[in-house]
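Dropping protein19.pdb in here (PDB, C-alpha atoms, pLDDT in the B column):
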```
ATOM      1  CA  MET A   1       0.000   0.000   0.000  1.00 78.00           C
ATOM      2  CA  TRP A   2       1.187   3.518  -0.769  1.00 86.00           C
ATOM      3  CA  PRO A   3      -0.559   6.770   0.201  1.00 90.00           C
ATOM      4  CA  ASP A   4      -2.353   8.848  -2.421  1.00 92.00           C
ATOM      5  CA  LEU A   5      -0.626  12.240  -2.319  1.00 94.00           C
ATOM      6  CA  SER A   6      -2.620  13.830  -5.136  1.00 92.00           C
ATOM      7  CA  ASP A   7      -4.084  16.464  -2.751  1.00 94.00           C
ATOM      8  CA  TYR A   8      -0.662  17.443  -1.386  1.00 96.00           C
ATOM      9  CA  THR A   9       1.473  20.322  -2.617  1.00 95.00           C
ATOM     10  CA  ASP A  10       5.005  19.717  -3.896  1.00 95.00           C
ATOM     11  CA  TYR A  11       6.245  21.361  -0.684  1.00 96.00           C
ATOM     12  CA  GLU A  12       4.664  18.505   1.305  1.00 96.00           C
ATOM     13  CA  LYS A  13       6.084  15.625  -0.754  1.00 96.00           C
ATOM     14  CA  TYR A  14       9.387  13.994   0.097  1.00 96.00           C
ATOM     15  CA  PRO A  15      11.106  11.618  -2.363  1.00 95.00           C
ATOM     16  CA  VAL A  16      11.773   8.095  -1.146  1.00 95.00           C
ATOM     17  CA  THR A  17      15.126   6.789  -2.329  1.00 94.00           C
ATOM     18  CA  GLY A  18      14.862   3.490  -4.159  1.00 94.00           C
ATOM     19  CA  PHE A  19      11.096   3.619  -4.695  1.00 94.00           C
ATOM     20  CA  SER A  20       9.199   4.587  -7.823  1.00 92.00           C
ATOM     21  CA  TYR A  21       5.678   4.384  -9.152  1.00 90.00           C
ATOM     22  CA  PRO A  22       4.830   1.871 -11.901  1.00 91.00           C
ATOM     23  CA  ASP A  23       5.225   4.651 -14.486  1.00 93.00           C
ATOM     24  CA  GLY A  24       8.827   5.168 -13.319  1.00 93.00           C
ATOM     25  CA  LYS A  25       8.275   8.492 -11.573  1.00 91.00           C
ATOM     26  CA  PRO A  26       9.908   8.836  -8.113  1.00 91.00           C
ATOM     27  CA  ALA A  27       7.679   7.870  -5.215  1.00 95.00           C
ATOM     28  CA  HIS A  28       7.020  10.363  -2.420  1.00 96.00           C
ATOM     29  CA  LEU A  29       5.715  10.373   1.147  1.00 96.00           C
ATOM     30  CA  CYS A  30       4.447  13.140   3.420  1.00 95.00           C
ATOM     31  CA  SER A  31       5.717  14.087   6.866  1.00 94.00           C
ATOM     32  CA  SER A  32       4.120  15.356  10.060  1.00 93.00           C
ATOM     33  CA  ALA A  33       7.193  17.542  10.435  1.00 93.00           C
ATOM     34  CA  ASN A  34       5.594  19.776   7.792  1.00 96.00           C
ATOM     35  CA  PRO A  35       2.984  22.185   9.229  1.00 97.00           C
ATOM     36  CA  LEU A  36       0.946  22.214   5.996  1.00 97.00           C
ATOM     37  CA  THR A  37       0.517  18.447   6.177  1.00 97.00           C
ATOM     38  CA  VAL A  38      -0.630  18.529   9.797  1.00 97.00           C
ATOM     39  CA  LYS A  39      -3.033  21.362   8.976  1.00 97.00           C
ATOM     40  CA  ARG A  40      -4.393  19.338   6.036  1.00 97.00           C
ATOM     41  CA  HIS A  41      -4.954  16.259   8.213  1.00 97.00           C
ATOM     42  CA  PHE A  42      -6.874  18.246  10.815  1.00 98.00           C
ATOM     43  CA  GLN A  43      -8.957  19.909   8.089  1.00 97.00           C
ATOM     44  CA  TRP A  44      -9.843  16.457   6.781  1.00 97.00           C
ATOM     45  CA  MET A  45     -10.794  15.397  10.302  1.00 98.00           C
ATOM     46  CA  GLU A  46     -13.084  18.421  10.558  1.00 98.00           C
ATOM     47  CA  GLN A  47     -14.573  17.726   7.117  1.00 97.00           C
ATOM     48  CA  TYR A  48     -15.340  14.094   7.921  1.00 98.00           C
ATOM     49  CA  GLY A  49     -16.529  14.591  11.501  1.00 98.00           C
ATOM     50  CA  ILE A  50     -13.536  13.078  13.271  1.00 98.00           C
ATOM     51  CA  ASP A  51     -13.244  14.754  16.659  1.00 98.00           C
ATOM     52  CA  GLY A  52      -9.598  14.171  17.463  1.00 97.00           C
ATOM     53  CA  ALA A  53      -6.371  12.272  17.113  1.00 96.00           C
ATOM     54  CA  PHE A  54      -3.620  10.708  19.159  1.00 95.00           C
ATOM     55  CA  VAL A  55      -0.122  12.121  18.799  1.00 93.00           C
ATOM     56  CA  GLN A  56       2.285   9.240  19.286  1.00 90.00           C
ATOM     57  CA  ARG A  57       5.660  10.035  20.759  1.00 87.00           C
ATOM     58  CA  PHE A  58       8.439   7.588  21.450  1.00 85.00           C
ATOM     59  CA  LEU A  59       9.928   8.163  24.880  1.00 83.00           C
ATOM     60  CA  VAL A  60      13.444   7.403  23.636  1.00 81.00           C
ATOM     61  CA  GLU A  61      13.066  10.289  21.136  1.00 80.00           C
ATOM     62  CA  ALA A  62      11.036  12.674  23.294  1.00 73.00           C
ATOM     63  CA  THR A  63      13.866  15.174  23.705  1.00 73.00           C
ATOM     64  CA  ARG A  64      14.367  15.635  19.958  1.00 77.00           C
ATOM     65  CA  PRO A  65      13.376  19.137  18.835  1.00 77.00           C
ATOM     66  CA  SER A  66      11.376  17.711  15.910  1.00 78.00           C
ATOM     67  CA  SER A  67       8.998  16.022  18.373  1.00 79.00           C
ATOM     68  CA  ASP A  68       8.133  19.390  19.892  1.00 87.00           C
ATOM     69  CA  LYS A  69       7.702  20.961  16.443  1.00 91.00           C
ATOM     70  CA  VAL A  70       5.161  18.333  15.427  1.00 92.00           C
ATOM     71  CA  LEU A  71       3.297  18.775  18.700  1.00 92.00           C
ATOM     72  CA  ASP A  72       3.197  22.548  18.123  1.00 95.00           C
ATOM     73  CA  TYR A  73       1.781  21.979  14.620  1.00 97.00           C
ATOM     74  CA  VAL A  74      -0.864  19.663  16.075  1.00 97.00           C
ATOM     75  CA  ARG A  75      -1.828  22.194  18.778  1.00 97.00           C
ATOM     76  CA  THR A  76      -2.231  24.941  16.200  1.00 98.00           C
ATOM     77  CA  ALA A  77      -4.185  22.821  13.709  1.00 98.00           C
ATOM     78  CA  ALA A  78      -6.447  21.394  16.428  1.00 98.00           C
ATOM     79  CA  ALA A  79      -7.264  24.880  17.745  1.00 98.00           C
ATOM     80  CA  ARG A  80      -8.018  26.211  14.261  1.00 97.00           C
ATOM     81  CA  THR A  81     -10.333  23.331  13.377  1.00 98.00           C
ATOM     82  CA  GLY A  82     -11.994  22.769  16.748  1.00 98.00           C
ATOM     83  CA  ARG A  83     -10.489  19.278  17.058  1.00 98.00           C
ATOM     84  CA  VAL A  84      -8.828  17.723  20.103  1.00 98.00           C
ATOM     85  CA  TYR A  85      -5.678  15.671  20.517  1.00 97.00           C
ATOM     86  CA  ALA A  86      -4.104  13.464  23.154  1.00 97.00           C
ATOM     87  CA  LEU A  87      -0.521  12.369  23.663  1.00 91.00           C
ATOM     88  CA  CYS A  88       0.304   8.688  23.552  1.00 91.00           C
ATOM     89  CA  TYR A  89       3.781   7.688  24.696  1.00 87.00           C
ATOM     90  CA  ASP A  90       5.382   4.536  23.329  1.00 88.00           C
ATOM     91  CA  LEU A  91       7.759   3.275  25.994  1.00 88.00           C
ATOM     92  CA  SER A  92       9.510   0.721  23.755  1.00 87.00           C
ATOM     93  CA  GLY A  93      13.249   0.760  24.213  1.00 84.00           C
ATOM     94  CA  ALA A  94      13.148   3.079  27.218  1.00 81.00           C
ATOM     95  CA  ARG A  95      14.963   2.034  30.352  1.00 82.00           C
ATOM     96  CA  ALA A  96      12.577   1.436  33.261  1.00 84.00           C
ATOM     97  CA  GLU A  97      14.724   3.449  35.668  1.00 84.00           C
ATOM     98  CA  ASP A  98      14.576   6.513  33.359  1.00 78.00           C
ATOM     99  CA  MET A  99      10.891   6.451  32.405  1.00 82.00           C
ATOM    100  CA  PHE A 100       9.476   8.659  35.149  1.00 82.00           C
ATOM    101  CA  ASP A 101      12.111  11.381  34.764  1.00 80.00           C
ATOM    102  CA  ARG A 102      11.785  11.430  30.983  1.00 77.00           C
ATOM    103  CA  LEU A 103       7.982  11.552  31.073  1.00 78.00           C
ATOM    104  CA  VAL A 104       7.784  14.510  33.448  1.00 78.00           C
ATOM    105  CA  LYS A 105      10.348  16.680  31.623  1.00 69.00           C
TER     106      LYS A 105
END
```

When written as structure tokens, how does the structure in this file appear?
Amino acid sequence: MWPDLSDYTDYEKYPVTGFSYPDGKPAHLCSSANPLTVKRHFQWMEQYGIDGAFVQRFLVEATRPSSDKVLDYVRTAAARTGRVYALCYDLSGARAEDMFDRLVK
């Protein structure tokens, strides 16, 4: 399966090395690290009556600046569309003795 990106702008499409469509054109994916893509997803949720979404974060990557950027994009898009969001932390790979401190930071 491959996502249909026909509604996305060129600014939201990222080429995937080694993958191409049957017609030979380079294949692309989108990214939640792009604010236009997050905005688009929340607009679709509003259009189709979906009230909210989970934002999944991996605890082992929680301190990466890109994680906070995506969360900021989600906050903004949710507020503009009247949607809600909740954080979901994946604890895979995290050391048990570090979990509490990392979660409360």

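Pairwise distance (atom CA of His28 of chain A, atom CA of Leu91 of chain A) equals 29.3 Å.
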
If you apply the PyMOL selection byres ((chain A and resi 78) around 12) to this file, what residues do you get, as a PDB file with C-alpha atoms, in the coordinates of the input?
```pdb
ATOM      1  CA  PRO A  35       2.984  22.185   9.229  1.00 97.00           C
ATOM      2  CA  VAL A  38      -0.630  18.529   9.797  1.00 97.00           C
ATOM      3  CA  LYS A  39      -3.033  21.362   8.976  1.00 97.00           C
ATOM      4  CA  ARG A  40      -4.393  19.338   6.036  1.00 97.00           C
ATOM      5  CA  HIS A  41      -4.954  16.259   8.213  1.00 97.00           C
ATOM      6  CA  PHE A  42      -6.874  18.246  10.815  1.00 98.00           C
ATOM      7  CA  GLN A  43      -8.957  19.909   8.089  1.00 97.00           C
ATOM      8  CA  TRP A  44      -9.843  16.457   6.781  1.00 97.00           C
ATOM      9  CA  MET A  45     -10.794  15.397  10.302  1.00 98.00           C
ATOM     10  CA  GLU A  46     -13.084  18.421  10.558  1.00 98.00           C
ATOM     11  CA  ILE A  50     -13.536  13.078  13.271  1.00 98.00           C
ATOM     12  CA  ASP A  51     -13.244  14.754  16.659  1.00 98.00           C
ATOM     13  CA  GLY A  52      -9.598  14.171  17.463  1.00 97.00           C
ATOM     14  CA  ALA A  53      -6.371  12.272  17.113  1.00 96.00           C
ATOM     15  CA  PHE A  54      -3.620  10.708  19.159  1.00 95.00           C
ATOM     16  CA  VAL A  55      -0.122  12.121  18.799  1.00 93.00           C
ATOM     17  CA  LEU A  71       3.297  18.775  18.700  1.00 92.00           C
ATOM     18  CA  ASP A  72       3.197  22.548  18.123  1.00 95.00           C
ATOM     19  CA  TYR A  73       1.781  21.979  14.620  1.00 97.00           C
ATOM     20  CA  VAL A  74      -0.864  19.663  16.075  1.00 97.00           C
ATOM     21  CA  ARG A  75      -1.828  22.194  18.778  1.00 97.00           C
ATOM     22  CA  THR A  76      -2.231  24.941  16.200  1.00 98.00           C
ATOM     23  CA  ALA A  77      -4.185  22.821  13.709  1.00 98.00           C
ATOM     24  CA  ALA A  79      -7.264  24.880  17.745  1.00 98.00           C
ATOM     25  CA  ARG A  80      -8.018  26.211  14.261  1.00 97.00           C
ATOM     26  CA  THR A  81     -10.333  23.331  13.377  1.00 98.00           C
ATOM     27  CA  GLY A  82     -11.994  22.769  16.748  1.00 98.00           C
ATOM     28  CA  ARG A  83     -10.489  19.278  17.058  1.00 98.00           C
ATOM     29  CA  VAL A  84      -8.828  17.723  20.103  1.00 98.00           C
ATOM     30  CA  TYR A  85      -5.678  15.671  20.517  1.00 97.00           C
ATOM     31  CA  ALA A  86      -4.104  13.464  23.154  1.00 97.00           C
TER      32      ALA A  86
END
```

From the list A:Thr63, A:Gln47, A:Ser92, A:Thr37, which residue is nearest Asp7 of chain A when using only C-alpha atoms?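 The closest residue to Asp7 of chain A is A:Thr37.
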
Measuring atom to atom with all atoms listed in the file, identify which of A:Leu87, A:Pro65, A:Val16, A:Leu29 is nearest to Pro3 of chain A.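 Of A:Leu87, A:Pro65, A:Val16, A:Leu29, the one nearest Pro3 of chain A, counting all atoms listed in the file, is A:Leu29.
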
What does the distance from atom CA of Phe100 of chain A to atom CA of Leu59 of chain A come to in Å, to one decimal?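 Answer for the atom CA of Phe100 of chain A to atom CA of Leu59 of chain A separation: 10.3 Å.
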
Taking the file as shown, find all residues satisfying the PyMOL selection byres ((chain A and resi 13) around 8) and write them as a PyMOL selection string. chain A and resi 5+8-12+14-15+28-31

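Here the question is which of A:Ala27, A:Cys88, A:Ala96, A:Ala33 gets nearest to Lys69 of chain A using all atoms listed in the file, and that residue is A:Ala33.
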
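Among A:Thr17, A:Leu36, A:Pro26, A:Val60, the residue with the shortest atom-to-atom distance to Arg95 of chain A, counting all atoms listed in the file, is A:Val60.
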
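Shortest separation to Phe58 of chain A among A:Leu103, A:Gly24, A:Glu97, A:Asn34 occurs at residue A:Leu103, atoms counted being all atoms listed in the file.
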
What's the separation between atom CA of Arg57 of chain A and atom CA of Met1 of chain A, in Å to one decimal place?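 Pair atom CA of Arg57 of chain A / atom CA of Met1 of chain A returns 23.7 Å.
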
With all atoms listed in the file as the basis for distance, which of A:Ser20, A:Ala94, A:Tyr89, A:Trp2 is at the shortest distance from Ser67 of chain A?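 Going through A:Ser20, A:Ala94, A:Tyr89, A:Trp2 one by one, the smallest distance to Ser67 of chain A is for A:Tyr89.
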
Complete the atoms of segment 3-14 of chain A to all heavy atoms and put them out as a JSON list (two decimals), keeping the file's coordinate frame.
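What ended up in out15.json:
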```
[["chain", "number", "residue", "atom", "x", "y", "z"],
["A", 3, "PRO", "N", 0.44, 5.70, 0.06],
["A", 3, "PRO", "CA", -0.56, 6.77, 0.20],
["A", 3, "PRO", "C", -0.76, 7.55, -1.10],
["A", 3, "PRO", "O", 0.16, 7.74, -1.88],
["A", 3, "PRO", "CB", 0.04, 7.67, 1.28],
["A", 3, "PRO", "CG", 1.51, 7.41, 1.22],
["A", 3, "PRO", "CD", 1.67, 5.98, 0.80],
["A", 4, "ASP", "N", -2.00, 7.99, -1.29],
["A", 4, "ASP", "CA", -2.35, 8.85, -2.42],
["A", 4, "ASP", "C", -2.02, 10.28, -2.01],
["A", 4, "ASP", "O", -2.65, 10.83, -1.11],
["A", 4, "ASP", "CB", -3.84, 8.70, -2.73],
["A", 4, "ASP", "CG", -4.32, 9.63, -3.83],
["A", 4, "ASP", "OD1", -3.50, 10.36, -4.42],
["A", 4, "ASP", "OD2", -5.53, 9.63, -4.09],
["A", 5, "LEU", "N", -1.05, 10.88, -2.66],
["A", 5, "LEU", "CA", -0.63, 12.24, -2.32],
["A", 5, "LEU", "C", -1.12, 13.27, -3.33],
["A", 5, "LEU", "O", -0.60, 14.38, -3.40],
["A", 5, "LEU", "CB", 0.90, 12.30, -2.21],
["A", 5, "LEU", "CG", 1.55, 11.39, -1.17],
["A", 5, "LEU", "CD1", 3.07, 11.60, -1.17],
["A", 5, "LEU", "CD2", 0.99, 11.65, 0.20],
["A", 6, "SER", "N", -2.15, 12.92, -4.08],
["A", 6, "SER", "CA", -2.62, 13.83, -5.14],
["A", 6, "SER", "C", -3.14, 15.16, -4.59],
["A", 6, "SER", "O", -3.12, 16.16, -5.30],
["A", 6, "SER", "CB", -3.68, 13.15, -6.01],
["A", 6, "SER", "OG", -4.78, 12.72, -5.23],
["A", 7, "ASP", "N", -3.59, 15.21, -3.34],
["A", 7, "ASP", "CA", -4.08, 16.46, -2.75],
["A", 7, "ASP", "C", -2.96, 17.31, -2.13],
["A", 7, "ASP", "O", -3.20, 18.44, -1.72],
["A", 7, "ASP", "CB", -5.12, 16.18, -1.67],
["A", 7, "ASP", "CG", -6.45, 15.70, -2.24],
["A", 7, "ASP", "OD1", -6.68, 15.90, -3.44],
["A", 7, "ASP", "OD2", -7.24, 15.14, -1.48],
["A", 8, "TYR", "N", -1.77, 16.76, -2.05],
["A", 8, "TYR", "CA", -0.66, 17.44, -1.39],
["A", 8, "TYR", "C", 0.09, 18.36, -2.36],
["A", 8, "TYR", "O", 0.17, 18.08, -3.54],
["A", 8, "TYR", "CB", 0.33, 16.42, -0.81],
["A", 8, "TYR", "CG", -0.24, 15.62, 0.34],
["A", 8, "TYR", "CD1", -1.18, 14.62, 0.14],
["A", 8, "TYR", "CD2", 0.18, 15.87, 1.64],
["A", 8, "TYR", "CE1", -1.69, 13.89, 1.19],
["A", 8, "TYR", "CE2", -0.32, 15.14, 2.70],
["A", 8, "TYR", "CZ", -1.26, 14.15, 2.46],
["A", 8, "TYR", "OH", -1.77, 13.44, 3.51],
["A", 9, "THR", "N", 0.64, 19.43, -1.81],
["A", 9, "THR", "CA", 1.47, 20.32, -2.62],
["A", 9, "THR", "C", 2.87, 19.71, -2.77],
["A", 9, "THR", "O", 3.25, 18.81, -2.01],
["A", 9, "THR", "CB", 1.61, 21.70, -1.95],
["A", 9, "THR", "OG1", 2.33, 21.54, -0.71],
["A", 9, "THR", "CG2", 0.26, 22.33, -1.68],
["A", 10, "ASP", "N", 3.63, 20.20, -3.72],
["A", 10, "ASP", "CA", 5.00, 19.72, -3.90],
["A", 10, "ASP", "C", 5.84, 19.95, -2.64],
["A", 10, "ASP", "O", 6.73, 19.17, -2.32],
["A", 10, "ASP", "CB", 5.67, 20.39, -5.10],
["A", 10, "ASP", "CG", 5.13, 19.88, -6.42],
["A", 10, "ASP", "OD1", 4.50, 18.79, -6.44],
["A", 10, "ASP", "OD2", 5.32, 20.56, -7.44],
["A", 11, "TYR", "N", 5.52, 21.02, -1.92],
["A", 11, "TYR", "CA", 6.24, 21.36, -0.68],
["A", 11, "TYR", "C", 6.06, 20.30, 0.40],
["A", 11, "TYR", "O", 6.87, 20.19, 1.31],
["A", 11, "TYR", "CB", 5.77, 22.73, -0.19],
["A", 11, "TYR", "CG", 6.36, 23.18, 1.12],
["A", 11, "TYR", "CD1", 7.70, 23.53, 1.23],
["A", 11, "TYR", "CD2", 5.57, 23.24, 2.26],
["A", 11, "TYR", "CE1", 8.24, 23.93, 2.44],
["A", 11, "TYR", "CE2", 6.10, 23.65, 3.48],
["A", 11, "TYR", "CZ", 7.43, 23.99, 3.56],
["A", 11, "TYR", "OH", 7.97, 24.38, 4.76],
["A", 12, "GLU", "N", 4.97, 19.52, 0.30],
["A", 12, "GLU", "CA", 4.66, 18.50, 1.30],
["A", 12, "GLU", "C", 5.14, 17.10, 0.92],
["A", 12, "GLU", "O", 4.99, 16.18, 1.70],
["A", 12, "GLU", "CB", 3.15, 18.43, 1.52],
["A", 12, "GLU", "CG", 2.54, 19.68, 2.08],
["A", 12, "GLU", "CD", 1.04, 19.59, 2.07],
["A", 12, "GLU", "OE1", 0.48, 19.10, 3.06],
["A", 12, "GLU", "OE2", 0.43, 20.00, 1.06],
["A", 13, "LYS", "N", 5.68, 16.95, -0.26],
["A", 13, "LYS", "CA", 6.08, 15.62, -0.75],
["A", 13, "LYS", "C", 7.59, 15.45, -0.63],
["A", 13, "LYS", "O", 8.36, 16.33, -1.02],
["A", 13, "LYS", "CB", 5.67, 15.45, -2.21],
["A", 13, "LYS", "CG", 4.18, 15.49, -2.42],
["A", 13, "LYS", "CD", 3.85, 15.39, -3.90],
["A", 13, "LYS", "CE", 2.38, 15.56, -4.15],
["A", 13, "LYS", "NZ", 2.07, 15.53, -5.60],
["A", 14, "TYR", "N", 7.97, 14.30, -0.10],
["A", 14, "TYR", "CA", 9.39, 13.99, 0.10],
["A", 14, "TYR", "C", 9.74, 12.73, -0.68],
["A", 14, "TYR", "O", 9.10, 11.69, -0.49],
["A", 14, "TYR", "CB", 9.68, 13.81, 1.59],
["A", 14, "TYR", "CG", 9.35, 15.06, 2.38],
["A", 14, "TYR", "CD1", 8.07, 15.26, 2.90],
["A", 14, "TYR", "CD2", 10.30, 16.05, 2.55],
["A", 14, "TYR", "CE1", 7.76, 16.42, 3.59],
["A", 14, "TYR", "CE2", 10.00, 17.21, 3.25],
["A", 14, "TYR", "CZ", 8.73, 17.38, 3.76],
["A", 14, "TYR", "OH", 8.43, 18.54, 4.45]]
```
